[in-house]
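Text of the file query06.cif, holding mmCIF, C-alpha atoms:
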```
data_protein
#
loop_
_atom_site.group_PDB
_atom_site.id
_atom_site.type_symbol
_atom_site.label_atom_id
_atom_site.label_comp_id
_atom_site.auth_asym_id
_atom_site.auth_seq_id
_atom_site.Cartn_x
_atom_site.Cartn_y
_atom_site.Cartn_z
ATOM 1 C CA MET R 1 46.697 33.270 105.388
ATOM 2 C CA VAL R 2 49.308 35.313 107.238
ATOM 3 C CA CYS R 3 48.510 38.971 107.869
ATOM 4 C CA ILE R 4 51.055 41.785 107.755
ATOM 5 C CA MET R 5 52.804 41.500 111.116
ATOM 6 C CA ALA R 6 49.367 41.212 112.686
ATOM 7 C CA HIS R 7 50.621 40.823 116.237
ATOM 8 C CA HIS R 8 53.017 43.779 116.251
ATOM 9 C CA ILE R 9 51.165 46.664 114.598
ATOM 10 C CA ASP R 10 48.435 48.982 115.812
ATOM 11 C CA LYS R 11 46.518 48.436 112.569
ATOM 12 C CA ASP R 12 43.852 51.041 113.299
ATOM 13 C CA ALA R 13 46.544 53.730 113.248
ATOM 14 C CA LEU R 14 48.274 52.654 110.019
ATOM 15 C CA ARG R 15 46.951 54.019 106.719
ATOM 16 C CA PHE R 16 47.669 52.967 103.122
ATOM 17 C CA LEU R 17 47.050 54.794 99.844
ATOM 18 C CA VAL R 18 47.059 52.790 96.581
ATOM 19 C CA VAL R 19 47.678 54.704 93.324
ATOM 20 C CA ASP R 20 47.123 52.488 90.294
ATOM 21 C CA PRO R 21 45.491 53.132 86.886
ATOM 22 C CA ASP R 22 43.849 49.696 86.986
ATOM 23 C CA ARG R 23 40.721 49.862 89.133
ATOM 24 C CA ASP R 24 40.637 46.079 89.533
ATOM 25 C CA THR R 25 44.139 46.159 91.023
ATOM 26 C CA CYS R 26 43.096 49.029 93.284
ATOM 27 C CA GLN R 27 40.130 47.032 94.522
ATOM 28 C CA TRP R 28 42.223 43.878 95.044
ATOM 29 C CA LEU R 29 44.876 45.709 97.044
ATOM 30 C CA GLN R 30 42.295 47.604 99.053
ATOM 31 C CA GLU R 31 40.462 44.411 99.964
ATOM 32 C CA LEU R 32 43.722 42.659 100.859
ATOM 33 C CA LEU R 33 44.646 45.504 103.218
ATOM 34 C CA TRP R 34 41.119 45.768 104.624
ATOM 35 C CA ASN R 35 41.067 42.024 105.296
ATOM 36 C CA ASP R 36 44.299 42.447 107.251
ATOM 37 C CA GLY R 37 42.635 45.180 109.315
ATOM 38 C CA PHE R 38 44.275 48.266 107.815
ATOM 39 C CA HIS R 39 42.817 51.521 106.533
ATOM 40 C CA ALA R 40 43.251 51.769 102.749
ATOM 41 C CA ARG R 41 42.179 54.265 100.085
ATOM 42 C CA THR R 42 42.688 54.062 96.325
ATOM 43 C CA VAL R 43 43.278 56.558 93.511
ATOM 44 C CA SER R 44 43.257 55.803 89.776
ATOM 45 C CA ASP R 45 43.855 59.339 88.509
ATOM 46 C CA PRO R 46 47.508 60.413 88.926
ATOM 47 C CA MET R 47 46.441 64.064 89.020
ATOM 48 C CA GLU R 48 44.672 63.416 92.321
ATOM 49 C CA VAL R 49 47.732 62.118 94.148
ATOM 50 C CA GLU R 50 48.626 65.319 96.029
ATOM 51 C CA SER R 51 45.141 65.841 97.407
ATOM 52 C CA ALA R 52 44.797 62.132 98.173
ATOM 53 C CA VAL R 53 48.088 62.004 100.100
ATOM 54 C CA THR R 54 47.066 65.078 102.087
ATOM 55 C CA ALA R 55 43.530 63.856 102.765
ATOM 56 C CA SER R 56 44.491 60.313 103.694
ATOM 57 C CA ASP R 57 47.577 61.248 105.761
ATOM 58 C CA ALA R 58 48.896 57.879 104.579
ATOM 59 C CA HIS R 59 51.861 56.129 106.155
ATOM 60 C CA VAL R 60 52.465 53.867 103.144
ATOM 61 C CA LEU R 61 51.913 54.728 99.473
ATOM 62 C CA VAL R 62 51.714 51.950 96.852
ATOM 63 C CA VAL R 63 52.258 53.409 93.363
ATOM 64 C CA ASP R 64 52.126 51.567 90.057
ATOM 65 C CA LEU R 65 54.506 52.807 87.353
ATOM 66 C CA ALA R 66 52.097 51.887 84.520
ATOM 67 C CA PHE R 67 50.718 55.389 83.959
ATOM 68 C CA GLY R 68 52.643 55.800 80.712
ATOM 69 C CA GLY R 69 55.967 57.511 80.121
ATOM 70 C CA ASN R 70 57.371 58.952 83.314
ATOM 71 C CA ALA R 71 53.957 59.542 84.866
ATOM 72 C CA GLY R 72 54.505 56.887 87.536
ATOM 73 C CA ILE R 73 57.734 58.520 88.666
ATOM 74 C CA ASP R 74 56.005 61.901 88.510
ATOM 75 C CA VAL R 75 53.414 60.522 90.940
ATOM 76 C CA VAL R 76 56.224 59.534 93.287
ATOM 77 C CA LYS R 77 57.850 62.972 93.012
ATOM 78 C CA ARG R 78 54.578 64.799 93.673
ATOM 79 C CA ALA R 79 53.781 62.558 96.625
ATOM 80 C CA ARG R 80 57.248 63.199 98.059
ATOM 81 C CA ALA R 81 56.719 66.956 97.669
ATOM 82 C CA VAL R 82 53.573 66.703 99.789
ATOM 83 C CA ASP R 83 54.942 64.266 102.388
ATOM 84 C CA GLY R 84 58.682 63.706 102.548
ATOM 85 C CA ASP R 85 58.363 60.940 105.155
ATOM 86 C CA VAL R 86 55.701 58.686 103.615
ATOM 87 C CA ALA R 87 56.901 55.165 102.799
ATOM 88 C CA ILE R 88 56.611 54.516 99.055
ATOM 89 C CA VAL R 89 56.372 51.132 97.360
ATOM 90 C CA VAL R 90 56.323 51.081 93.555
ATOM 91 C CA THR R 91 54.996 48.207 91.466
ATOM 92 C CA ALA R 92 56.001 47.518 87.874
ATOM 93 C CA GLU R 93 54.600 45.074 85.327
ATOM 94 C CA ARG R 94 57.585 45.614 83.021
ATOM 95 C CA PRO R 95 60.494 46.097 85.426
ATOM 96 C CA SER R 96 63.776 47.462 84.170
ATOM 97 C CA PHE R 97 67.085 48.410 85.703
ATOM 98 C CA GLU R 98 66.577 52.010 84.579
ATOM 99 C CA SER R 99 63.139 52.355 86.167
ATOM 100 C CA ALA R 100 64.380 50.754 89.385
ATOM 101 C CA GLN R 101 67.346 53.138 89.548
ATOM 102 C CA THR R 102 65.113 56.136 88.859
ATOM 103 C CA ALA R 103 62.667 55.034 91.562
ATOM 104 C CA ILE R 104 65.476 54.661 94.090
ATOM 105 C CA ARG R 105 66.838 58.117 93.254
ATOM 106 C CA HIS R 106 63.457 59.556 94.143
ATOM 107 C CA GLY R 107 63.354 57.943 97.567
ATOM 108 C CA VAL R 108 61.284 54.842 96.876
ATOM 109 C CA ASP R 109 61.483 52.322 99.714
ATOM 110 C CA ALA R 110 60.675 49.178 97.713
ATOM 111 C CA TYR R 111 60.356 48.122 94.069
ATOM 112 C CA VAL R 112 57.963 45.193 93.512
ATOM 113 C CA THR R 113 57.389 43.442 90.193
ATOM 114 C CA LYS R 114 54.022 42.289 88.899
ATOM 115 C CA PRO R 115 52.087 40.063 88.937
ATOM 116 C CA LEU R 116 51.529 40.723 92.604
ATOM 117 C CA HIS R 117 51.065 37.770 94.945
ATOM 118 C CA ASP R 118 49.353 38.493 98.222
ATOM 119 C CA GLN R 119 51.809 36.733 100.512
ATOM 120 C CA ASP R 120 54.894 38.154 98.779
ATOM 121 C CA LEU R 121 53.382 41.619 98.913
ATOM 122 C CA ARG R 122 52.555 41.203 102.591
ATOM 123 C CA LEU R 123 56.163 40.313 103.341
ATOM 124 C CA ARG R 124 57.504 43.327 101.429
ATOM 125 C CA LEU R 125 55.054 45.672 103.125
ATOM 126 C CA ALA R 126 55.975 44.228 106.524
ATOM 127 C CA GLU R 127 59.648 44.944 105.766
ATOM 128 C CA ILE R 128 58.846 48.547 104.841
ATOM 129 C CA ILE R 129 56.660 49.043 107.908
ATOM 130 C CA ALA R 130 59.477 47.823 110.143
ATOM 131 C CA LYS R 131 62.120 49.823 108.275
ATOM 132 C CA LYS R 132 60.147 53.054 108.673
ATOM 133 C CA GLY R 133 59.473 52.381 112.355
ATOM 134 C CA LEU R 134 55.725 52.122 111.770
ATOM 135 C CA ASP R 135 55.403 48.836 113.645
ATOM 136 C CA ARG R 136 55.116 50.504 117.024
ATOM 137 C CA THR R 137 52.546 49.142 119.440
ATOM 138 C CA PRO R 138 50.434 51.507 121.595
ATOM 139 C CA GLU R 139 52.893 50.786 124.430
ATOM 140 C CA ASP R 140 55.805 51.791 122.194
ATOM 141 C CA ARG R 141 54.119 55.100 121.422
ATOM 142 C CA ILE R 142 53.492 55.765 125.114
ATOM 143 C CA HIS R 143 57.174 55.159 125.880
ATOM 144 C CA ARG R 144 58.183 57.423 123.003
ATOM 145 C CA ALA R 145 55.814 60.212 124.090
ATOM 146 C CA LEU R 146 57.037 59.915 127.663
ATOM 147 C CA GLY R 147 60.674 60.050 126.576
ATOM 148 C CA LEU R 148 60.071 63.140 124.463
ATOM 149 C CA ALA R 149 58.204 64.840 127.312
ATOM 150 C CA VAL R 150 61.043 64.165 129.745
ATOM 151 C CA ARG R 151 63.666 65.357 127.276
ATOM 152 C CA ASP R 152 61.741 68.526 126.342
ATOM 153 C CA ARG R 153 61.167 69.475 129.985
ATOM 154 C CA ARG R 154 64.813 68.769 130.826
ATOM 155 C CA LEU R 155 66.075 70.918 127.949
ATOM 156 C CA ALA R 156 63.618 73.688 128.794
ATOM 157 C CA LYS R 157 65.265 73.861 132.216
ATOM 158 C CA SER R 158 68.765 73.734 130.664
ATOM 159 C CA LEU R 159 69.538 70.504 132.498
ATOM 160 C CA THR R 160 71.982 67.932 131.191
ATOM 161 C CA LEU R 161 71.624 64.206 131.716
ATOM 162 C CA LYS R 162 74.371 64.482 134.336
ATOM 163 C CA HIS R 163 72.342 67.098 136.187
ATOM 164 C CA MET R 164 69.335 64.787 136.094
ATOM 165 C CA ALA R 165 71.427 61.862 137.298
ATOM 166 C CA ARG R 166 72.530 63.859 140.356
ATOM 167 C CA ARG R 167 68.994 65.006 141.083
ATOM 168 C CA THR R 168 67.365 61.603 140.674
ATOM 169 C CA GLY R 169 70.048 59.138 141.700
ATOM 170 C CA LEU R 170 69.452 57.328 138.393
ATOM 171 C CA SER R 171 72.252 56.575 135.968
ATOM 172 C CA VAL R 172 72.917 58.736 132.915
ATOM 173 C CA SER R 173 72.574 55.591 130.810
ATOM 174 C CA LEU R 174 69.100 54.762 132.145
ATOM 175 C CA LEU R 175 67.896 58.337 131.771
ATOM 176 C CA SER R 176 69.148 58.406 128.195
ATOM 177 C CA GLN R 177 67.405 55.106 127.439
ATOM 178 C CA ILE R 178 64.131 56.419 128.884
ATOM 179 C CA GLU R 179 64.327 59.566 126.756
ATOM 180 C CA ARG R 180 65.024 57.483 123.638
ATOM 181 C CA ALA R 181 62.173 55.077 124.498
ATOM 182 C CA GLU R 182 64.659 52.218 124.705
ATOM 183 C CA SER R 183 63.796 51.361 128.306
ATOM 184 C CA SER R 184 60.627 51.432 130.394
ATOM 185 C CA ALA R 185 60.648 53.613 133.483
ATOM 186 C CA SER R 186 59.370 52.210 136.761
ATOM 187 C CA ILE R 187 56.917 54.203 138.857
ATOM 188 C CA ALA R 188 59.711 54.914 141.327
ATOM 189 C CA SER R 189 61.956 56.221 138.539
ATOM 190 C CA LEU R 190 59.145 58.339 137.091
ATOM 191 C CA HIS R 191 58.520 59.839 140.522
ATOM 192 C CA LYS R 192 62.197 60.822 140.813
ATOM 193 C CA ILE R 193 62.284 62.232 137.284
ATOM 194 C CA ALA R 194 59.078 64.231 137.754
ATOM 195 C CA LYS R 195 60.341 65.633 141.061
ATOM 196 C CA ALA R 196 63.647 66.650 139.463
ATOM 197 C CA LEU R 197 61.716 68.480 136.743
ATOM 198 C CA ASN R 198 59.350 70.107 139.248
ATOM 199 C CA ALA R 199 56.431 68.333 137.605
ATOM 200 C CA ARG R 200 53.859 65.691 138.392
ATOM 201 C CA ILE R 201 54.031 62.231 136.854
ATOM 202 C CA ALA R 202 50.728 62.932 135.085
ATOM 203 C CA ASP R 203 52.290 65.981 133.403
ATOM 204 C CA LEU R 204 54.781 63.704 131.618
ATOM 205 C CA PHE R 205 51.962 61.833 129.899
ATOM 206 C CA ARG R 206 50.113 64.888 128.619
ATOM 207 C CA GLU R 207 50.260 65.572 124.902
ATOM 208 C CA GLY R 208 51.325 68.902 123.532
#
```

Here is a file; write its structure as structure tokens.
Amino acid sequence: MVCIMAHHIDKDALRFLVVDPDRDTCQWLQELLWNDGFHARTVSDPMEVESAVTASDAHVLVVDLAFGGNAGIDVVKRARAVDGDVAIVVTAERPSFESAQTAIRHGVDAYVTKPLHDQDLRLRLAEIIAKKGLDRTPEDRIHRALGLAVRDRRLAKSLTLKHMARRTGLSVSLLSQIERAESSASIASLHKIAKALNARIADLFREG
């Protein structure tokens, strides 16, 4: 059995919410995600979706369209109103071009037909996780936080990347890559950057 990108995801930090009227399907999906090491909650009542999305702070929402009429799409719309960035995967036992088009118009990230097969579903979820940038490792998040801290401090001092390049002796390209978390900064580079910002290296790793 292959897990969902098991070697590239901080699974403890990634949360799923399953919204399906069939409790057996909810349980199956929850167990599949739990077995892969992810947090997963389920909801069978479409009227609970807003509170469930808020409470779970989910990264990925799996919604079945089989609530009758347009209720499945309504679930998607209400979820989007609560969290505009959550990744949404819809499942459909009776897929149609019209329902797929409607789902896409409402910002759905993937449309999966039933019956669901665990390996196929894992692959689709892995694609969505990567597409939404949720497959960051703890190291990735550290680089991103560091880059944001450097950028925010630089902007607060009204410094351009060219100013920073002159102060640090580092290239504009490298500084830009560090701020965008596209390149790791060496200790020597961090020392130069911190000095240019009149800060300590430790200050660049503090949250908030």

Residue contacts of Ser189 (chain R) (12 Å, only C-alpha atoms) excluding same-chain residues fewer than 3 positions away, as a PyMOL selection string: chain R and resi 150+164-165+167-171+174-175+178+183-186+192-196+201

Which of R:Ala145, R:Val172, R:Tyr111, R:Asp36 sits closest to Glu98 (chain R) [using only C-alpha atoms]: R:Tyr111

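In this structure, CA of Asn35 (chain R) sits 24.0 Å away from CA of Thr54 (chain R).
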
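Taking CA of Glu182 (chain R) and CA of His143 (chain R) as the two end points, the separation is 8.1 Å.
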
Run the PyMOL selection byres ((chain R and resi 86) around 8) against the file shown and list the residues it catches, as a PDB file with C-alpha atoms, in the coordinates of the input.
```pdb
ATOM      1  CA  ALA R  58      48.896  57.879 104.579  1.00  0.00           C
ATOM      2  CA  HIS R  59      51.861  56.129 106.155  1.00  0.00           C
ATOM      3  CA  VAL R  60      52.465  53.867 103.144  1.00  0.00           C
ATOM      4  CA  LEU R  61      51.913  54.728  99.473  1.00  0.00           C
ATOM      5  CA  ARG R  80      57.248  63.199  98.059  1.00  0.00           C
ATOM      6  CA  ASP R  83      54.942  64.266 102.388  1.00  0.00           C
ATOM      7  CA  GLY R  84      58.682  63.706 102.548  1.00  0.00           C
ATOM      8  CA  ASP R  85      58.363  60.940 105.155  1.00  0.00           C
ATOM      9  CA  ALA R  87      56.901  55.165 102.799  1.00  0.00           C
ATOM     10  CA  ILE R  88      56.611  54.516  99.055  1.00  0.00           C
TER      11      ILE R  88
END
```

R:Ala40, R:Leu159, R:Ala149, R:Leu17 ranked by distance to Asp203 (chain R), top pick (using only C-alpha atoms): R:Ala149

Explicit residue set for the PyMOL selection byres ((chain R and resi 179) around 7), as a PyMOL selection string: chain R and resi 147-148+150-151+175-178+180-181

Can you sort out the box for region 180-184 of chain R, edges along x, y and z, all listed atoms in, 3 Å on every side, with centre and edge lengths in Å to one decimal, as lines of an AutoDock Vina configuration file?
```
center_x = 62.8
center_y = 54.4
center_z = 127.0
size_x = 10.4
size_y = 12.1
size_z = 12.8
```

Residues selected by the PyMOL selection byres ((chain R and resi 114) around 9), written as a list in words: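 Answer for the PyMOL selection byres ((chain R and resi 114) around 9): Thr91, Ala92, Glu93, Arg94, Pro95, Val112, Thr113, Pro115, Leu116 and His117 of chain R.
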
Ref. answer, residues at most 10 Å from (49.3, 58.0, 137.4) with all atoms listed in the file, as a list in words: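 Output: Ile187, Leu190, His191, Arg200, Ile201, Ala202, Asp203, Leu204 and Phe205 of chain R.
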
Keeping only C-alpha atoms, take the residues you just selected and write them out as a short mmCIF file (atom, residue, chain, number, x, y, z; two decimals), in the frame of the given file.
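What landed in part-v1.cif:
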```
data_model
loop_
_atom_site.label_atom_id
_atom_site.label_comp_id
_atom_site.auth_asym_id
_atom_site.auth_seq_id
_atom_site.Cartn_x
_atom_site.Cartn_y
_atom_site.Cartn_z
CA ILE R 187 56.92 54.20 138.86
CA LEU R 190 59.14 58.34 137.09
CA HIS R 191 58.52 59.84 140.52
CA ARG R 200 53.86 65.69 138.39
CA ILE R 201 54.03 62.23 136.85
CA ALA R 202 50.73 62.93 135.08
CA ASP R 203 52.29 65.98 133.40
CA LEU R 204 54.78 63.70 131.62
CA PHE R 205 51.96 61.83 129.90
#
```

Proximity to His163 (chain R) - best of R:Ile142, R:Ala79, R:Leu197, R:Ala130, only C-alpha atoms: R:Leu197

CA of Gln30 (chain R) to CA of His106 (chain R), straight-line distance in Å: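 Computing it gives 24.8 Å between the two atoms.
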
Answer as a ChimeraX atom specification, residues within 12 Å of (41.3, 46.8, 93.5) using all atoms listed in the file: /R:17-34,40-44,116

Closest of R:Ala156, R:Gly133, R:Ser173, R:Phe38 to Asn198 (chain R) - atom-to-atom distances counting only C-alpha atoms: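 Counting only C-alpha atoms, the residue closest to Asn198 (chain R) is R:Ala156.
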